[in-house]
file input.txt (compact mmCIF, C-alpha atoms)
# COMPACT_ATOMS: atom_id res chain seq x y z
CA MET E 222 -76.07 44.47 36.05
CA ALA E 223 -75.63 45.72 32.48
CA ILE E 224 -75.32 49.48 32.13
CA ILE E 225 -74.65 49.32 28.37
CA ARG E 226 -76.71 47.08 26.11
CA VAL E 227 -76.06 46.70 22.40
CA GLU E 228 -78.15 44.30 20.29
CA GLN E 229 -77.96 43.75 16.52
CA LEU E 230 -76.37 47.16 15.97
CA SER E 231 -75.98 47.99 12.29
CA LYS E 232 -74.61 51.00 10.45
CA THR E 233 -73.71 50.96 6.78
CA TYR E 234 -71.76 53.54 4.81
CA PRO E 235 -71.53 53.95 1.03
CA GLY E 236 -69.35 51.14 -0.27
CA GLY E 237 -70.66 48.67 2.30
CA ARG E 238 -68.36 49.43 5.22
CA GLY E 239 -69.75 49.78 8.71
CA VAL E 240 -70.98 47.36 11.38
CA VAL E 241 -73.43 44.46 11.09
CA ASP E 242 -75.26 42.72 13.92
CA VAL E 243 -72.89 43.88 16.68
CA GLY E 244 -74.03 42.91 20.15
CA PHE E 245 -72.63 42.89 23.69
CA THR E 246 -73.41 44.09 27.20
CA VAL E 247 -71.20 45.94 29.67
CA ASP E 248 -71.70 45.57 33.40
CA GLU E 249 -71.68 48.57 35.72
CA GLY E 250 -68.17 49.22 37.06
CA GLU E 251 -66.54 47.14 34.34
CA ILE E 252 -63.70 48.16 32.03
CA PHE E 253 -64.78 46.76 28.68
CA GLY E 254 -62.37 46.89 25.75
CA ILE E 255 -63.14 47.05 22.05
CA LEU E 256 -60.31 45.82 19.85
CA GLY E 257 -59.94 45.44 16.12
CA PRO E 258 -57.82 46.34 13.09
CA ASN E 259 -58.12 49.73 11.44
CA GLY E 260 -61.46 50.11 9.68
CA ALA E 261 -63.04 47.21 11.56
CA GLY E 262 -65.92 49.28 12.95
CA LYS E 263 -64.67 50.09 16.47
CA THR E 264 -65.17 53.84 16.27
CA THR E 265 -68.53 53.48 14.50
CA THR E 266 -69.70 51.25 17.33
CA VAL E 267 -68.73 53.61 20.13
CA GLU E 268 -70.02 56.67 18.24
CA CYS E 269 -73.43 54.98 17.99
CA ILE E 270 -73.29 54.17 21.71
CA GLY E 271 -72.29 57.75 22.49
CA GLY E 272 -75.06 59.28 20.39
CA LEU E 273 -72.62 60.88 17.97
CA ARG E 274 -73.77 58.82 15.01
CA SER E 275 -77.24 57.56 14.17
CA ARG E 276 -77.62 53.81 13.75
CA ASP E 277 -79.45 52.08 10.94
CA GLY E 278 -80.81 49.31 13.13
CA GLY E 279 -80.59 47.50 16.42
CA VAL E 280 -80.95 48.45 20.07
CA VAL E 281 -78.55 50.60 22.10
CA GLU E 282 -79.07 51.64 25.72
CA VAL E 283 -76.72 53.44 28.10
CA ALA E 284 -77.96 53.56 31.71
CA GLY E 285 -81.48 53.15 30.33
CA PHE E 286 -81.18 55.96 27.78
CA ASP E 287 -81.42 55.46 24.02
CA PRO E 288 -78.61 57.55 22.47
CA GLY E 289 -80.70 58.06 19.35
CA SER E 290 -83.70 59.61 21.11
CA ASP E 291 -82.64 60.86 24.56
CA SER E 292 -79.49 62.91 24.13
CA VAL E 293 -80.31 65.12 27.13
CA GLY E 294 -80.51 62.21 29.54
CA LEU E 295 -77.44 60.61 27.98
CA ARG E 296 -75.29 63.69 28.61
CA GLU E 297 -76.00 63.43 32.32
CA VAL E 298 -74.38 60.00 32.60
CA LEU E 299 -71.83 59.84 29.78
CA GLY E 300 -68.38 61.29 29.13
CA ILE E 301 -66.58 60.83 25.81
CA GLN E 302 -62.97 61.20 24.71
CA LEU E 303 -62.72 60.92 20.93
CA GLN E 304 -59.82 59.64 18.88
CA GLU E 305 -59.73 63.00 17.11
CA SER E 306 -61.03 66.21 18.67
CA THR E 307 -60.09 69.87 18.79
CA LEU E 308 -60.68 73.05 20.78
CA PRO E 309 -60.29 76.75 19.91
CA ASP E 310 -56.60 77.52 19.42
CA LYS E 311 -56.43 80.25 22.07
CA ILE E 312 -58.36 78.60 24.87
CA ARG E 313 -56.11 77.78 27.83
CA VAL E 314 -56.04 74.43 29.58
CA ASP E 315 -57.51 75.86 32.79
CA GLU E 316 -60.21 77.69 30.80
CA ALA E 317 -61.20 74.52 28.96
CA LEU E 318 -61.47 72.57 32.23
CA ALA E 319 -63.51 75.36 33.85
CA LEU E 320 -65.80 75.62 30.82
CA PHE E 321 -66.55 71.90 30.71
CA ALA E 322 -66.94 71.78 34.51
CA SER E 323 -69.62 74.49 34.24
CA PHE E 324 -71.78 72.11 32.20
CA HIS E 325 -72.26 69.84 35.22
CA ASP E 326 -73.93 70.22 38.62
CA ASP E 327 -71.26 68.28 40.50
CA PRO E 328 -68.02 68.33 38.50
CA ALA E 329 -64.77 66.69 39.51
CA ASP E 330 -61.99 68.82 40.99
CA ALA E 331 -60.33 70.28 37.89
CA GLY E 332 -57.02 70.87 39.65
CA GLU E 333 -56.81 67.33 40.95
CA LEU E 334 -57.71 65.92 37.54
CA ALA E 335 -55.09 68.12 35.86
CA GLU E 336 -52.50 66.93 38.37
CA ARG E 337 -53.28 63.26 37.78
CA LEU E 338 -53.01 63.72 34.01
CA GLY E 339 -49.81 65.76 34.04
CA LEU E 340 -51.47 69.03 33.03
CA ALA E 341 -51.08 71.04 36.24
CA ALA E 342 -48.01 72.91 34.95
CA HIS E 343 -49.76 73.77 31.68
CA GLY E 344 -52.88 75.47 33.01
CA ARG E 345 -52.19 78.80 31.27
CA VAL E 346 -50.93 77.26 28.03
CA GLN E 347 -53.10 77.81 24.96
CA TYR E 348 -54.49 74.74 23.22
CA SER E 349 -52.55 75.42 20.01
CA LYS E 350 -49.28 75.37 21.99
CA LEU E 351 -49.84 71.94 23.50
CA SER E 352 -48.06 68.86 22.19
CA GLY E 353 -50.08 66.02 20.72
CA GLY E 354 -49.77 64.02 23.91
CA GLN E 355 -50.84 66.98 26.06
CA LYS E 356 -53.90 67.54 23.87
CA GLN E 357 -54.77 63.87 24.31
CA ARG E 358 -54.50 64.13 28.11
CA LEU E 359 -56.68 67.24 28.09
CA SER E 360 -59.28 65.37 26.03
CA VAL E 361 -59.32 62.62 28.67
CA ALA E 362 -59.69 65.19 31.45
CA LEU E 363 -62.65 66.83 29.70
CA ALA E 364 -64.34 63.44 29.32
CA LEU E 365 -64.01 62.81 33.07
CA ILE E 366 -64.70 66.29 34.46
CA GLY E 367 -68.44 65.63 34.81
CA ARG E 368 -68.00 62.53 37.02
CA PRO E 369 -69.77 60.34 34.42
CA ARG E 370 -71.25 56.95 35.25
CA VAL E 371 -69.99 55.76 31.86
CA ALA E 372 -66.92 57.03 29.99
CA ILE E 373 -66.07 56.16 26.38
CA LEU E 374 -62.35 56.47 25.73
CA ASP E 375 -61.27 56.04 22.10
CA GLU E 376 -57.53 55.38 21.72
CA LEU E 377 -56.92 57.42 24.87
CA THR E 378 -53.17 56.82 25.18
CA THR E 379 -52.22 57.33 21.53
CA GLY E 380 -49.36 59.83 21.39
CA LEU E 381 -48.40 59.44 25.04
CA ASP E 382 -44.94 58.39 26.13
CA PRO E 383 -44.68 55.13 28.15
CA GLN E 384 -44.64 56.86 31.55
CA ALA E 385 -47.62 59.09 30.71
CA ARG E 386 -49.48 56.05 29.40
CA ARG E 387 -48.97 54.23 32.69
CA ASP E 388 -50.08 57.32 34.63
CA VAL E 389 -53.35 57.31 32.68
CA TRP E 390 -53.73 53.58 33.32
CA GLY E 391 -53.41 54.26 37.04
CA LEU E 392 -56.13 56.90 36.83
CA LEU E 393 -58.48 54.49 35.04
CA GLU E 394 -57.86 51.79 37.64
CA ASP E 395 -58.73 54.33 40.34
CA LEU E 396 -61.92 55.25 38.46
CA ARG E 397 -62.97 51.61 38.25
CA SER E 398 -62.69 51.36 42.03
CA THR E 399 -65.26 54.18 42.32
CA GLY E 400 -67.79 52.32 40.14
CA VAL E 401 -67.33 54.21 36.87
CA THR E 402 -67.91 52.06 33.79
CA LEU E 403 -65.27 52.47 31.10
CA LEU E 404 -65.65 51.55 27.44
CA LEU E 405 -62.11 51.49 26.13
CA VAL E 406 -61.17 51.40 22.44
CA SER E 407 -57.52 50.53 22.01
CA HIS E 408 -54.96 49.03 19.67
CA PHE E 409 -52.45 48.51 22.50
CA MET E 410 -52.79 44.87 23.51
CA GLU E 411 -50.75 45.45 26.67
CA GLU E 412 -53.19 48.20 27.66
CA ALA E 413 -56.23 45.97 27.13
CA GLN E 414 -54.65 43.01 28.90
CA ARG E 415 -53.79 45.09 31.95
CA LEU E 416 -56.99 47.13 32.26
CA CYS E 417 -59.94 45.30 30.77
CA ASP E 418 -62.23 42.88 32.56
CA ARG E 419 -63.54 41.73 29.18
CA VAL E 420 -62.90 42.63 25.56
CA ALA E 421 -64.77 42.33 22.28
CA VAL E 422 -62.75 41.84 19.10
CA ILE E 423 -64.48 43.45 16.10
CA ASP E 424 -63.37 42.51 12.61
CA GLN E 425 -64.99 43.56 9.35
CA GLY E 426 -67.93 45.09 11.21
CA ARG E 427 -68.79 41.98 13.23
CA VAL E 428 -67.94 40.71 16.71
CA ALA E 429 -65.35 37.97 16.27
CA ALA E 430 -65.03 37.09 19.97
CA ILE E 431 -65.89 38.29 23.48
CA GLY E 432 -64.26 37.26 26.73
CA SER E 433 -61.71 38.15 29.35
CA PRO E 434 -58.17 38.79 28.07
CA ASN E 435 -57.04 35.51 29.63
CA GLU E 436 -59.94 33.58 28.06
CA LEU E 437 -59.15 34.93 24.61
CA ALA E 438 -55.43 34.32 25.10
CA GLY E 439 -56.27 30.72 25.97
CA ARG E 440 -58.01 30.31 22.64
CA ALA E 441 -54.75 31.17 20.89
CA GLY E 442 -53.17 28.00 22.29
CA SER E 443 -52.19 26.37 25.52
CA GLY E 444 -48.93 25.37 27.10
CA GLN E 445 -45.61 27.18 26.97
CA VAL E 446 -42.72 27.95 24.65
CA MET E 447 -39.14 27.81 25.97
CA VAL E 448 -36.52 29.84 24.15
CA PHE E 449 -32.91 29.30 25.22
CA THR E 450 -29.32 28.94 24.07
CA PRO E 451 -27.79 25.57 25.09
CA SER E 452 -24.33 25.80 26.63
CA GLU E 453 -23.23 22.92 24.40
CA PRO E 454 -24.59 21.36 21.18
CA ILE E 455 -27.45 18.98 21.91
CA ASP E 456 -29.32 16.47 19.77
CA VAL E 457 -32.82 17.97 19.43
CA GLU E 458 -34.26 14.47 18.99
CA SER E 459 -33.57 13.83 22.68
CA LEU E 460 -35.95 16.70 23.48
CA ARG E 461 -38.61 15.66 20.97
CA THR E 462 -38.96 12.32 22.74
CA LEU E 463 -40.07 13.99 26.00
CA ALA E 464 -43.78 13.43 26.70
CA SER E 465 -44.56 17.09 27.33
CA VAL E 466 -42.81 18.39 24.16
CA THR E 467 -44.84 18.96 21.01
CA GLU E 468 -42.35 20.86 18.84
CA VAL E 469 -38.64 21.69 18.76
CA ALA E 470 -37.12 24.20 16.36
CA ARG E 471 -33.55 25.44 16.02
CA ARG E 472 -33.18 29.11 15.07
CA GLY E 473 -29.54 30.10 14.87
CA ASP E 474 -27.97 29.24 18.21
CA GLN E 475 -31.35 29.23 19.97
CA LEU E 476 -33.76 26.37 20.57
CA HIS E 477 -37.52 26.97 20.66
CA VAL E 478 -39.31 24.17 22.51
CA ARG E 479 -43.11 24.15 22.61
CA GLY E 480 -45.11 21.89 24.89
CA GLY E 481 -47.56 21.45 27.73
CA ASP E 482 -47.53 22.89 31.22
CA ASP E 483 -44.73 20.51 32.30
CA VAL E 484 -42.41 21.29 29.40
CA VAL E 485 -40.07 23.63 31.29
CA GLY E 486 -39.35 21.18 34.09
CA ASP E 487 -39.00 18.22 31.75
CA VAL E 488 -36.57 20.01 29.44
CA ILE E 489 -34.43 21.38 32.29
CA VAL E 490 -34.13 17.87 33.80
CA GLU E 491 -33.10 16.44 30.43
CA LEU E 492 -30.54 19.19 29.91
CA GLN E 493 -29.08 18.63 33.38
CA ARG E 494 -28.86 14.89 32.70
CA ARG E 495 -26.71 15.73 29.69
CA GLY E 496 -24.62 18.35 31.48
CA VAL E 497 -26.10 21.22 29.47
CA THR E 498 -27.40 24.52 30.82
CA ALA E 499 -30.08 26.74 29.28
CA GLY E 500 -28.67 30.22 28.73
CA HIS E 501 -30.78 33.34 28.09
CA LEU E 502 -33.88 31.34 29.01
CA ARG E 503 -37.26 32.88 28.21
CA VAL E 504 -40.65 31.23 28.72
CA ASP E 505 -43.59 32.54 26.71
CA THR E 506 -47.30 31.82 27.11
CA PRO E 507 -50.13 32.82 24.73
CA THR E 508 -51.13 36.47 25.08
CA LEU E 509 -54.05 38.66 24.06
CA ASP E 510 -51.89 39.83 21.19
CA ASP E 511 -51.63 36.23 19.96
CA ALA E 512 -55.40 35.82 20.25
CA PHE E 513 -56.02 39.07 18.35
CA VAL E 514 -53.76 38.05 15.47
CA SER E 515 -55.35 34.60 15.35
CA LEU E 516 -58.92 35.93 15.35
CA VAL E 517 -58.28 38.57 12.71
CA SER E 518 -56.30 36.13 10.53
CA ASP E 519 -59.08 33.54 10.79
CA GLY E 520 -61.58 36.18 9.75
CA LYS E 521 -59.54 37.02 6.68
CA ALA E 522 -59.25 33.36 5.77
CA ASN E 523 -63.02 33.00 5.86
CA ARG E 524 -63.79 35.98 3.65
call {"tool": "encode", "arguments": {"input": "input.txt", "output": "structure tokens"}}
result
Amino acid sequence: MAIIRVEQLSKTYPGGRGVVDVGFTVDEGEIFGILGPNGAGKTTTVECIGGLRSRDGGVVEVAGFDPGSDSVGLREVLGIQLQESTLPDKIRVDEALALFASFHDDPADAGELAERLGLAAHGRVQYSKLSGGQKQRLSVALALIGRPRVAILDELTTGLDPQARRDVWGLLEDLRSTGVTLLLVSHFMEEAQRLCDRVAVIDQGRVAAIGSPNELAGRAGSGQVMVFTPSEPIDVESLRTLASVTEVARRGDQLHVRGGDDVVGDVIVELQRRGVTAGHLRVDTPTLDDAFVSLVSDGKANR
């Protein structure tokens, strides 16, 4: 059942930038990603959903509340981590967590949340002394301290090192298992592919595509690409004649062979028949990153 509903959302800024006719729904307990290039309208969209920016038109509901007219009800169900936010320089991490916990009747355990986000050892550190990554983790903690039904997380892992990023991913996967709905804005395709049940790609203020990461990746192409270094020179025409092969390209000492689902087996058999082995073999399939580039490039071509 949809807990977020967006229909024909529009917001225009001077100069014409903004969002036009954006629409999607998010089911309860889902991790829904919003992807797009810089300036595409991602942050405008989530700020309208979070009640931080008034919309010019359309319908927005979060757990039955209209962010434009029921901010009190919205605060009871929604937590937000913004791409850019700040706190007083001298407030300590533990003080910030305690302050935000006091806004809620049944807050999460601040100590446990700090531990999960790598902040436990920094409880008495002032905000101004935190690194950029630590400030980002604190922002995530403050968004989750109220046990929200819906959490909006805008570029939540920006500035985090790879291990810290994966720790946050683990926390979000745990949250999903408890039924929390997450609206995730990200420019990390790996993050979206791992976490999101569905994603919407926004480009130039409009929704370019919606679907699961695998569905969108499938739109970028099918089949597989083999990349390998043959142990001995081989006539590429012998590979082009294979039924499953659609393209063969030589790049330096490597061969790139594109084809259908049977291409790997067919090429390996042909190589063995000729006494050739495939060194440094890599097999690639279309990814969400490929779909994103394709969708955004198509949008540019149509402008």
call {"tool": "closest_residue", "arguments": {"input": "input.txt", "among": "E:Arg337, E:Lys311, E:Arg461, E:Arg427", "to": "Arg387 of chain E", "atoms": "all atoms listed in the file"}}
result
E:Arg337
call {"tool": "residues_around", "arguments": {"input": "input.txt", "residues": "segment 484-487 of chain E", "least_positions_apart": "3", "cutoff": "8 Å", "atoms": "all atoms listed in the file", "output": "ChimeraX atom specification"}}
result
/E:445,447,463,465-466,479-481,490-491
call {"tool": "closest_residue", "arguments": {"input": "input.txt", "among": "E:Asp248, E:Asp326, E:Glu458, E:Glu336", "to": "Asp388 of chain E", "atoms": "all atoms listed in the file"}}
result
E:Glu336
call {"tool": "closest_residue", "arguments": {"input": "input.txt", "among": "E:Asn435, E:Ser306, E:Ser292, E:Thr266", "to": "Thr508 of chain E", "atoms": "only C-alpha atoms"}}
result
E:Asn435
call {"tool": "residues_around", "arguments": {"input": "input.txt", "residues": "Ala413 of chain E", "least_positions_apart": "4", "cutoff": "8 Å", "atoms": "all atoms listed in the file", "output": "list in words"}}
result
Gly254, Ser407, Phe409, Cys417, Val420 and Pro434 of chain E
call {"tool": "residues_around", "arguments": {"input": "input.txt", "residues": "Asp277 of chain E", "least_positions_apart": "3", "cutoff": "12 Å", "atoms": "only C-alpha atoms", "output": "short mmCIF file (atom, residue, chain, number, x, y, z; two decimals) with C-alpha atoms, in the frame of the given file"}}
result
data_model
loop_
_atom_site.label_atom_id
_atom_site.label_comp_id
_atom_site.auth_asym_id
_atom_site.auth_seq_id
_atom_site.Cartn_x
_atom_site.Cartn_y
_atom_site.Cartn_z
CA GLN E 229 -77.96 43.75 16.52
CA LEU E 230 -76.37 47.16 15.97
CA SER E 231 -75.98 47.99 12.29
CA LYS E 232 -74.61 51.00 10.45
CA THR E 233 -73.71 50.96 6.78
CA TYR E 234 -71.76 53.54 4.81
CA GLY E 239 -69.75 49.78 8.71
CA VAL E 240 -70.98 47.36 11.38
CA VAL E 241 -73.43 44.46 11.09
CA ASP E 242 -75.26 42.72 13.92
CA VAL E 243 -72.89 43.88 16.68
CA THR E 265 -68.53 53.48 14.50
CA THR E 266 -69.70 51.25 17.33
CA CYS E 269 -73.43 54.98 17.99
CA ARG E 274 -73.77 58.82 15.01
CA VAL E 280 -80.95 48.45 20.07
CA VAL E 281 -78.55 50.60 22.10
CA GLY E 289 -80.70 58.06 19.35
#
call {"tool": "closest_residue", "arguments": {"input": "input.txt", "among": "E:Leu308, E:Leu299, E:Val514, E:Ile225", "to": "Leu273 of chain E", "atoms": "only C-alpha atoms"}}
result
E:Leu299
call {"tool": "residues_around", "arguments": {"input": "input.txt", "residues": "Glu376 of chain E", "least_positions_apart": "3", "cutoff": "9 Å", "atoms": "all atoms listed in the file", "output": "PyMOL selection string"}}
result
chain E and resi 302-304+379+405-409
call {"tool": "write_last_selection", "arguments": {"input": "input.txt", "atoms": "C-alpha atoms", "output": "PDB file, in the coordinates of the input"}}
result
ATOM      1  CA  GLN E 302     -62.970  61.200  24.710  1.00  0.00           C
ATOM      2  CA  LEU E 303     -62.720  60.920  20.930  1.00  0.00           C
ATOM      3  CA  GLN E 304     -59.820  59.640  18.880  1.00  0.00           C
ATOM      4  CA  THR E 379     -52.220  57.330  21.530  1.00  0.00           C
ATOM      5  CA  LEU E 405     -62.110  51.490  26.130  1.00  0.00           C
ATOM      6  CA  VAL E 406     -61.170  51.400  22.440  1.00  0.00           C
ATOM      7  CA  SER E 407     -57.520  50.530  22.010  1.00  0.00           C
ATOM      8  CA  HIS E 408     -54.960  49.030  19.670  1.00  0.00           C
ATOM      9  CA  PHE E 409     -52.450  48.510  22.500  1.00  0.00           C
TER      10      PHE E 409
END
call {"tool": "atom_distance", "arguments": {"input": "input.txt", "atom1": "atom CA of Val504 of chain E", "atom2": "atom CA of Gln475 of chain E"}}
result
12.9 Å
call {"tool": "residues_around", "arguments": {"input": "input.txt", "residues": "Gly400 of chain E", "least_positions_apart": "2", "cutoff": "8 Å", "atoms": "all atoms listed in the file", "output": "short mmCIF file (atom, residue, chain, number, x, y, z; two decimals) with C-alpha atoms, in the coordinates of the input"}}
result
data_model
loop_
_atom_site.label_atom_id
_atom_site.label_comp_id
_atom_site.auth_asym_id
_atom_site.auth_seq_id
_atom_site.Cartn_x
_atom_site.Cartn_y
_atom_site.Cartn_z
CA GLU E 249 -71.68 48.57 35.72
CA GLY E 250 -68.17 49.22 37.06
CA GLU E 251 -66.54 47.14 34.34
CA ARG E 370 -71.25 56.95 35.25
CA LEU E 396 -61.92 55.25 38.46
CA ARG E 397 -62.97 51.61 38.25
CA SER E 398 -62.69 51.36 42.03
CA THR E 402 -67.91 52.06 33.79
#
call {"tool": "closest_atom_pairs", "arguments": {"input": "input.txt", "of": "segment 381-461 of chain E", "to": "segment 339-353 of chain E", "cutoff": "10 Å", "atoms": "all atoms listed in the file", "output": "tab-separated table"}}
result
residue	atom	partner	partner_atom	distance
E:Leu381	CA	E:Gly353	CA	8.0
E:Ala385	CA	E:Gly339	CA	7.8
E:Asp388	CA	E:Gly339	CA	8.5
E:Val389	CA	E:Gly339	CA	9.3
call {"tool": "atom_distance", "arguments": {"input": "input.txt", "atom1": "atom CA of Val298 of chain E", "atom2": "atom CA of Pro369 of chain E"}}
result
5.0 Å
call {"tool": "atom_distance", "arguments": {"input": "input.txt", "atom1": "atom CA of Ala464 of chain E", "atom2": "atom CA of Val478 of chain E"}}
result
12.4 Å
call {"tool": "closest_residue", "arguments": {"input": "input.txt", "among": "E:Phe253, E:Trp390, E:Phe245, E:Phe321", "to": "Val428 of chain E", "atoms": "all atoms listed in the file"}}
result
E:Phe245
call {"tool": "closest_residue", "arguments": {"input": "input.txt", "among": "E:Ala335, E:Asp483, E:Phe449, E:Asp474", "to": "Thr498 of chain E", "atoms": "only C-alpha atoms"}}
result
E:Phe449
